[in-house]
Amino acid sequence: MKIRLIYSFLTLFFICYVTNAYSIDTNGHSTADHKKFKILQSPLLTGPEVTKACLSCHTEAAKQVHKTIHWQWQFTHPDTKQLLGKKNVINSFCGSIVSNYSHCTSCHVGYGWKDADFDFTKEENVDCLVCHDTTGTYEKFPDDAGHPTYEDKSYRGIVFKAPDLNYVAQNIGKTSRKTCGACHFFGGGGNGVKHGDLDSSLTEPDKDLDVHMDVDGLNFTCATCHTTDNHDVQGSRYTTVAKDTHGIDIPGRDDNSRATCESCHGMKPHLRTVNNKINDHTDKIACQTCHIPEYARGEVMTQTDWDWSQASKNSPMGEFEWDEELSPEYAWYAGNIHFTLLNEKIDPTKPVKINYFSGSYDDPNARIWPFKVMRGRQAYDKKNNTLVTTHVFGKDKAAYLQSFNWNDSIKAAMDSIGADYSGEYGFVDSTLMYWPLSHMIAPKEDALGCEDCHSKDGKLQNLTGFYMPGRDNNIWLDRIGWLIVLSTLAGILLHGLGRIVFTTKRRLK
Amino acid sequence: MAKVIMYKGFERLWHWLQAGLMIFMLITGFEIHGTINWLGFETAIDVHIILAWSLIGLWTFAIFWHLVTGEWKQYIPSSFEHILAMVRYYTIDIFLGNKHPFQKTTLKKHNPLQRMAYLSLHLFISPTIWISGGFLYLFYTLREFLGLELISFGTVALIHTAAAFALLTFLIAHLYLAITTSKKPFGYVKAMITGYEDEE
């Protein structure tokens, strides 16, 4: 009896210990207690002061950040050579950062980008805290060019408390869903506005919302997949790896990026089934297509339409449409996103694609991807037939939200970058902006099934250039086929009837 | 007239298994094609695949059996006159109650039209179905390996569908003739079940 009891205890101990040892601790344990650093104990009054303190030990950190897109907001696309990044692109939300710096750069990983003259070489301008805060008390002020507020201050009725920078700095840690989300969940000016697959519901998601980030399960942070080296974060919407044929990446040997599903799951991730089609389909269908059956699933709505043409004093930002639990739209996508920049002519009579990409069934690098398609109406140059930048935010008269005069707003923004504006604007009837979806991966039971696409009015009914069983048929082959079958049936019926008639006749004789 | 074993054990087993497999493959095939909705797309595919492998297995045995027993000779085409005689029988004589032009023996089980029909089934319809079906099934995994990227999936699917229509047509005609043209209704069906039939 005693032995059995000891044995049970040992088993229990073993289970507890082993399970504990293997449980995932995403925070890790640092070898440094930042509370003990003298430099972080002396008063830190501004963001740049904190950064200077950080750099006194982390000597290379700012230099590393300076090289990244998080800092530069500029990116030359390796294939199209287009100069992209927030510094250059126009979107269908607030338009462009041009002339709106102080507002937009409240999400810049730096301090003080309030106009085009911002010094990108200054190391203390890097904001370490916005990514590395663990206290949840550090927040950038909405229109202070990336600074937090240094005294309690309100913005549009919301009070922002000045953070205790010493407290924040002493509790520094790894990035988290909350720190990344502070900007990426709120892009476009509000919770869930832009992406549709990124919003505050992913701060503490359950398994139904995202199997990897599930707080009670794997509890992935953003950086678990978006791995970093030299502060450079992997994964890009501009150069999406639409198909990662490299498959599983082995640490120490491979490219050190976990930003594709295939980096961990490979190209044949499913248990073999009779048809085994899901493992074959990986060549043409992105994982996200089946595994994100719907987006905006976390009870946070995403914006689906922004009509700037309806903006006025009474409705300063125009009209919005919001929705949630949305079915994605699908397209062939080879990963190269191209933006309609200021130097590109548009046809305003047709839906104007704010961004577009290549891809087709025949393109070996393309797969079917799910997208959130943002729709809207926005200003363009009526004579030059180009999109325009708009000066929306600011305290000057030209800012649209001050005087509600589009012409002044466009002129101010275009002048500020030396772009040509004819002086006559109109509104593009409809703009489309494509947002490839990669987050909110649902549990496998909720993934799309075969019939969702392999049916007459399935989810892929708009995709062309290939034959899909269950959806496609050659109408003439089917007509002729059934005609032959039915004729044969009619033939045997007549033949049989004829035999009965003749036999009966003979018998009556 | 004597009662003889017209259809041997294996022959009957082969016939009925093939019939069942083909009928269910037609049903599941037309479900995959989007014509009917019964098992659901994925189950229909799974069943179609399992039945296809079963039929391949059965065919392997059947081909072996035909070769070693010499039964393959039953499908050698008859002369054109003989075929015409059968056409005449089915279009005229059968209504008038005239005699069947050929006698059925264990060495000549099939009338000239039957021979031609079965030979077409074995040499044209079935191979078309097998090759196109096998191609569809293995297309994804083997197309690069085999250098088949130039042949479109859609074209192969159309060929497969056309062959399925041909098979369905064959089945309808075969059922009609097999069930109704024996001396007593279902006589041939009974013979195919028991194996025994009167040799004429």
# chains A, B, ... in the order shown; residues from 1 in each chain; ligands from 1

$ closest_atom_pairs --of "chain A" --to "chain B" --cutoff "8 Å" --atoms "only C-alpha atoms" --output "tab-separated table"
residue	atom	partner	partner_atom	distance
A:Val274	CA	B:Asp46	CA	5.7
A:Asn275	CA	B:Asp46	CA	5.5
A:Asp280	CA	B:Tyr140	CA	6.3
A:Cys450	CA	B:Glu42	CA	6.0
A:Glu451	CA	B:Phe41	CA	5.8
A:His454	CA	B:Phe41	CA	7.3
A:Ser455	CA	B:Gly34	CA	6.6
A:Lys456	CA	B:Gly34	CA	7.2
A:Phe466	CA	B:Gly154	CA	6.9
A:Tyr467	CA	B:Gly154	CA	4.8
A:Met468	CA	B:Gly154	CA	7.7
A:Pro469	CA	B:His33	CA	5.7
A:Gly470	CA	B:Gly34	CA	4.3
A:Arg471	CA	B:Gly34	CA	6.6
A:Asp472	CA	B:His33	CA	7.8
A:Asn473	CA	B:His33	CA	7.3
A:Asn474	CA	B:Leu158	CA	7.2
A:Leu477	CA	B:Ala162	CA	7.0
A:Gly481	CA	B:Phe165	CA	5.5
A:Trp482	CA	B:Phe165	CA	7.4
A:Ile484	CA	B:Thr169	CA	7.1
A:Val485	CA	B:Thr169	CA	5.2
A:Thr488	CA	B:Thr169	CA	6.6
A:Leu489	CA	B:Ile172	CA	6.9
A:Ile492	CA	B:Tyr176	CA	6.7
A:Gly498	CA	B:Phe95	CA	6.9
A:Arg499	CA	B:Phe95	CA	5.1
A:Phe502	CA	B:Phe95	CA	5.7
A:Thr503	CA	B:Phe95	CA	7.1

$ residues_around --residues "Asp255 of chain A" --least-positions-apart "5" --cutoff "12 Å" --atoms "only C-alpha atoms" --output "PyMOL selection string"
chain A and resi 227-229+234+244+246-250+260+263

$ write_last_selection --atoms "N, CA and C atoms" --output "compact mmCIF listing (two decimals), in the first residue's frame"
# COMPACT_ATOMS: atom_id res chain seq x y z
N THR A 227 10.14 36.35 -37.04
CA THR A 227 11.44 36.30 -36.37
C THR A 227 12.28 37.51 -36.76
N THR A 228 13.19 37.86 -35.87
CA THR A 228 14.00 39.04 -36.13
C THR A 228 15.48 38.70 -36.07
N ASP A 229 16.22 39.48 -36.81
CA ASP A 229 17.66 39.42 -36.71
C ASP A 229 18.12 40.86 -36.90
N GLN A 234 10.96 39.71 -39.96
CA GLN A 234 10.63 38.96 -41.17
C GLN A 234 9.14 39.02 -41.47
N ASP A 244 6.08 29.06 -50.09
CA ASP A 244 7.42 28.82 -49.54
C ASP A 244 7.83 27.39 -49.83
N HIS A 246 10.56 26.18 -49.97
CA HIS A 246 11.69 25.77 -49.14
C HIS A 246 11.22 24.87 -47.99
N GLY A 247 9.96 25.07 -47.59
CA GLY A 247 9.40 24.22 -46.55
C GLY A 247 9.95 24.52 -45.17
N ILE A 248 10.08 23.48 -44.38
CA ILE A 248 10.45 23.66 -42.97
C ILE A 248 11.87 24.21 -42.84
N ASP A 249 12.00 25.25 -42.03
CA ASP A 249 13.31 25.85 -41.79
C ASP A 249 13.93 25.26 -40.54
N ILE A 250 15.12 24.79 -40.67
CA ILE A 250 15.82 24.21 -39.52
C ILE A 250 16.72 25.29 -38.93
N THR A 260 6.40 32.30 -42.82
CA THR A 260 5.40 31.58 -43.62
C THR A 260 4.91 30.39 -42.82
N SER A 263 7.24 27.45 -43.06
CA SER A 263 8.49 27.46 -42.29
C SER A 263 8.46 26.42 -41.19

$ residues_around --residues "Cys107 of chain A" --least-positions-apart "4" --cutoff "8 Å" --atoms "only C-alpha atoms" --output "PyMOL selection string"
chain A and resi 140+146+183

$ write_last_selection --atoms "N, CA, C and O atoms" --output "PDB file, in the first residue's frame"
ATOM      1  N   LYS A 140       2.121  55.969 -27.234  1.00  0.00           N
ATOM      2  CA  LYS A 140       2.460  57.174 -27.993  1.00  0.00           C
ATOM      3  C   LYS A 140       1.214  58.058 -28.103  1.00  0.00           C
ATOM      4  O   LYS A 140       0.102  57.545 -28.284  1.00  0.00           O
ATOM      5  N   GLY A 146       5.180  60.667 -32.614  1.00  0.00           N
ATOM      6  CA  GLY A 146       5.819  59.475 -32.059  1.00  0.00           C
ATOM      7  C   GLY A 146       6.178  59.570 -30.590  1.00  0.00           C
ATOM      8  O   GLY A 146       6.557  58.574 -29.974  1.00  0.00           O
ATOM      9  N   CYS A 183       0.460  49.385 -32.615  1.00  0.00           N
ATOM     10  CA  CYS A 183       0.354  50.026 -33.930  1.00  0.00           C
ATOM     11  C   CYS A 183      -0.415  49.158 -34.929  1.00  0.00           C
ATOM     12  O   CYS A 183      -1.324  49.623 -35.603  1.00  0.00           O
TER      13      CYS A 183
END

$ select_by_dssp --residues "segment 29-73 of chain B" --states "alpha helix (DSSP H)" --output "JSON, numbers by chain"
{"B": [29, 30, 31, 32, 33, 41, 42, 43, 44, 45, 46, 47, 48, 49, 50, 51, 52, 53, 54, 55, 56, 57, 58, 59, 60, 61, 62, 63, 64, 65, 66, 67, 68, 69]}

$ write_last_selection --atoms "C-alpha atoms" --output "mmCIF file, in the first residue's frame"
data_model
loop_
_atom_site.group_PDB
_atom_site.id
_atom_site.type_symbol
_atom_site.label_atom_id
_atom_site.label_comp_id
_atom_site.auth_asym_id
_atom_site.auth_seq_id
_atom_site.Cartn_x
_atom_site.Cartn_y
_atom_site.Cartn_z
ATOM 1 C CA GLY B 29 -18.141 10.337 -60.613
ATOM 2 C CA PHE B 30 -21.195 12.359 -61.481
ATOM 3 C CA GLU B 31 -21.195 13.722 -57.952
ATOM 4 C CA ILE B 32 -17.595 14.899 -58.379
ATOM 5 C CA HIS B 33 -18.668 16.329 -61.715
ATOM 6 C CA PHE B 41 -17.783 16.027 -52.625
ATOM 7 C CA GLU B 42 -14.967 14.711 -50.463
ATOM 8 C CA THR B 43 -16.629 11.391 -49.595
ATOM 9 C CA ALA B 44 -17.541 10.946 -53.247
ATOM 10 C CA ILE B 45 -13.874 11.384 -54.178
ATOM 11 C CA ASP B 46 -12.722 8.983 -51.485
ATOM 12 C CA VAL B 47 -15.247 6.332 -52.559
ATOM 13 C CA HIS B 48 -14.339 6.898 -56.211
ATOM 14 C CA ILE B 49 -10.662 6.340 -55.423
ATOM 15 C CA ILE B 50 -11.227 3.243 -53.304
ATOM 16 C CA LEU B 51 -13.502 1.726 -55.956
ATOM 17 C CA ALA B 52 -10.990 2.586 -58.673
ATOM 18 C CA TRP B 53 -8.205 0.727 -56.898
ATOM 19 C CA SER B 54 -10.557 -2.211 -56.279
ATOM 20 C CA LEU B 55 -11.470 -2.299 -59.941
ATOM 21 C CA ILE B 56 -7.821 -2.178 -60.963
ATOM 22 C CA GLY B 57 -7.206 -5.158 -58.716
ATOM 23 C CA LEU B 58 -10.187 -7.001 -60.154
ATOM 24 C CA TRP B 59 -9.078 -6.234 -63.689
ATOM 25 C CA THR B 60 -5.638 -7.604 -63.041
ATOM 26 C CA PHE B 61 -7.176 -10.919 -62.055
ATOM 27 C CA ALA B 62 -9.657 -10.774 -64.932
ATOM 28 C CA ILE B 63 -6.998 -10.152 -67.566
ATOM 29 C CA PHE B 64 -4.956 -13.002 -66.180
ATOM 30 C CA TRP B 65 -7.996 -15.246 -66.172
ATOM 31 C CA HIS B 66 -8.912 -14.370 -69.759
ATOM 32 C CA LEU B 67 -5.384 -15.048 -70.944
ATOM 33 C CA VAL B 68 -4.840 -18.368 -69.223
ATOM 34 C CA THR B 69 -8.296 -19.783 -69.923
#

$ closest_residue --among "A:Ala169, A:Cys222, A:Ala398, A:Ile354" --to "His34 of chain A" --atoms "only C-alpha atoms"
A:Ala169

$ residues_around --residues "segment 194-207 of chain A" --least-positions-apart "6" --cutoff "6 Å" --atoms "only C-alpha atoms" --output "NGL selection string"
:A and (177-178 or 185 or 187-188 or 214-215 or 295-296 or 298 or 302 or 439-440)

$ write_last_selection --atoms "N, CA, C and O atoms" --output "PDB file, in the first residue's frame"
ATOM      1  N   ARG A 177       2.263  40.521 -28.225  1.00  0.00           N
ATOM      2  CA  ARG A 177       1.134  40.837 -29.097  1.00  0.00           C
ATOM      3  C   ARG A 177       0.627  42.243 -28.803  1.00  0.00           C
ATOM      4  O   ARG A 177       0.162  42.948 -29.681  1.00  0.00           O
ATOM      5  N   LYS A 178       0.750  42.628 -27.534  1.00  0.00           N
ATOM      6  CA  LYS A 178       0.252  43.950 -27.155  1.00  0.00           C
ATOM      7  C   LYS A 178       1.131  45.072 -27.734  1.00  0.00           C
ATOM      8  O   LYS A 178       0.611  46.048 -28.277  1.00  0.00           O
ATOM      9  N   PHE A 185      -2.554  46.728 -34.757  1.00  0.00           N
ATOM     10  CA  PHE A 185      -3.987  46.470 -34.571  1.00  0.00           C
ATOM     11  C   PHE A 185      -4.816  47.723 -34.861  1.00  0.00           C
ATOM     12  O   PHE A 185      -6.012  47.648 -35.075  1.00  0.00           O
ATOM     13  N   GLY A 187      -3.946  50.293 -37.137  1.00  0.00           N
ATOM     14  CA  GLY A 187      -3.631  50.972 -38.391  1.00  0.00           C
ATOM     15  C   GLY A 187      -4.887  51.517 -39.047  1.00  0.00           C
ATOM     16  O   GLY A 187      -5.939  50.885 -39.001  1.00  0.00           O
ATOM     17  N   GLY A 188      -4.767  52.690 -39.640  1.00  0.00           N
ATOM     18  CA  GLY A 188      -5.931  53.304 -40.278  1.00  0.00           C
ATOM     19  C   GLY A 188      -6.702  54.178 -39.316  1.00  0.00           C
ATOM     20  O   GLY A 188      -7.721  54.750 -39.669  1.00  0.00           O
ATOM     21  N   ASP A 214      -3.421  31.518 -29.269  1.00  0.00           N
ATOM     22  CA  ASP A 214      -4.294  31.119 -28.173  1.00  0.00           C
ATOM     23  C   ASP A 214      -3.584  31.230 -26.818  1.00  0.00           C
ATOM     24  O   ASP A 214      -2.600  30.534 -26.568  1.00  0.00           O
ATOM     25  N   VAL A 215      -4.102  32.091 -25.935  1.00  0.00           N
ATOM     26  CA  VAL A 215      -3.413  32.322 -24.660  1.00  0.00           C
ATOM     27  C   VAL A 215      -3.351  31.080 -23.790  1.00  0.00           C
ATOM     28  O   VAL A 215      -2.429  30.919 -23.005  1.00  0.00           O
ATOM     29  N   TYR A 295     -12.582  36.308 -41.581  1.00  0.00           N
ATOM     30  CA  TYR A 295     -11.696  37.201 -40.832  1.00  0.00           C
ATOM     31  C   TYR A 295     -12.542  38.187 -40.028  1.00  0.00           C
ATOM     32  O   TYR A 295     -13.768  38.191 -40.137  1.00  0.00           O
ATOM     33  N   ALA A 296     -11.893  38.998 -39.227  1.00  0.00           N
ATOM     34  CA  ALA A 296     -12.591  39.878 -38.267  1.00  0.00           C
ATOM     35  C   ALA A 296     -13.517  39.037 -37.396  1.00  0.00           C
ATOM     36  O   ALA A 296     -14.692  39.340 -37.233  1.00  0.00           O
ATOM     37  N   GLY A 298     -13.003  38.330 -34.158  1.00  0.00           N
ATOM     38  CA  GLY A 298     -12.810  38.524 -32.724  1.00  0.00           C
ATOM     39  C   GLY A 298     -13.723  39.540 -32.084  1.00  0.00           C
ATOM     40  O   GLY A 298     -13.354  40.178 -31.100  1.00  0.00           O
ATOM     41  N   THR A 302     -14.103  45.387 -38.758  1.00  0.00           N
ATOM     42  CA  THR A 302     -13.090  46.011 -39.601  1.00  0.00           C
ATOM     43  C   THR A 302     -13.799  46.916 -40.597  1.00  0.00           C
ATOM     44  O   THR A 302     -14.965  46.703 -40.932  1.00  0.00           O
ATOM     45  N   HIS A 439      -3.550  36.068 -40.571  1.00  0.00           N
ATOM     46  CA  HIS A 439      -3.755  35.858 -39.137  1.00  0.00           C
ATOM     47  C   HIS A 439      -5.186  35.403 -38.881  1.00  0.00           C
ATOM     48  O   HIS A 439      -5.996  35.372 -39.787  1.00  0.00           O
ATOM     49  N   MET A 440      -5.469  35.084 -37.620  1.00  0.00           N
ATOM     50  CA  MET A 440      -6.760  34.500 -37.254  1.00  0.00           C
ATOM     51  C   MET A 440      -6.918  33.128 -37.905  1.00  0.00           C
ATOM     52  O   MET A 440      -7.912  32.834 -38.569  1.00  0.00           O
TER      53      MET A 440
END

$ atom_distance --atom1 "atom CA of Leu107 of chain B" --atom2 "atom CA of Ala19 of chain B"
22.9 Å

$ closest_residue --among "A:Asn125, A:Gly95, A:Asn219, A:Gly496" --to "Ile179 of chain B" --atoms "only C-alpha atoms"
A:Gly496

$ residues_around --residues "Gly235 of chain A" --least-positions-apart "4" --cutoff "7 Å" --atoms "only C-alpha atoms" --output "PDB file with N, CA, C and O atoms, in the first residue's frame"
ATOM      1  N   HIS A 226       7.209  36.049 -36.840  1.00  0.00           N
ATOM      2  CA  HIS A 226       7.935  37.172 -37.445  1.00  0.00           C
ATOM      3  C   HIS A 226       9.276  37.300 -36.744  1.00  0.00           C
ATOM      4  O   HIS A 226       9.513  38.222 -35.965  1.00  0.00           O
ATOM      5  N   THR A 240       5.403  39.364 -50.189  1.00  0.00           N
ATOM      6  CA  THR A 240       4.913  38.160 -49.519  1.00  0.00           C
ATOM      7  C   THR A 240       5.519  36.919 -50.179  1.00  0.00           C
ATOM      8  O   THR A 240       5.601  36.849 -51.399  1.00  0.00           O
ATOM      9  N   ALA A 259       8.202  33.324 -41.001  1.00  0.00           N
ATOM     10  CA  ALA A 259       7.031  34.128 -41.322  1.00  0.00           C
ATOM     11  C   ALA A 259       6.066  33.461 -42.302  1.00  0.00           C
ATOM     12  O   ALA A 259       5.020  34.016 -42.602  1.00  0.00           O
TER      13      ALA A 259
END

$ residues_around --residues "His15 of chain B" --least-positions-apart "5" --cutoff "9 Å" --atoms "only C-alpha atoms" --output "list of chain:residue names"
B:Phe10, B:Gly20, B:Met192

$ write_last_selection --atoms "N, CA, C and O atoms" --output "mmCIF file, in the first residue's frame"
data_model
loop_
_atom_site.group_PDB
_atom_site.id
_atom_site.type_symbol
_atom_site.label_atom_id
_atom_site.label_comp_id
_atom_site.auth_asym_id
_atom_site.auth_seq_id
_atom_site.Cartn_x
_atom_site.Cartn_y
_atom_site.Cartn_z
ATOM 1 N N PHE B 10 -15.395 -17.701 -61.539
ATOM 2 C CA PHE B 10 -14.658 -16.437 -61.536
ATOM 3 C C PHE B 10 -15.292 -15.418 -62.473
ATOM 4 O O PHE B 10 -15.367 -14.227 -62.172
ATOM 5 N N GLY B 20 -21.042 -3.744 -60.120
ATOM 6 C CA GLY B 20 -21.284 -2.936 -58.922
ATOM 7 C C GLY B 20 -20.310 -1.790 -58.814
ATOM 8 O O GLY B 20 -20.689 -0.637 -58.566
ATOM 9 N N MET B 192 -26.269 -15.692 -65.339
ATOM 10 C CA MET B 192 -25.052 -15.007 -64.884
ATOM 11 C C MET B 192 -24.894 -15.144 -63.374
ATOM 12 O O MET B 192 -23.789 -15.023 -62.855
#
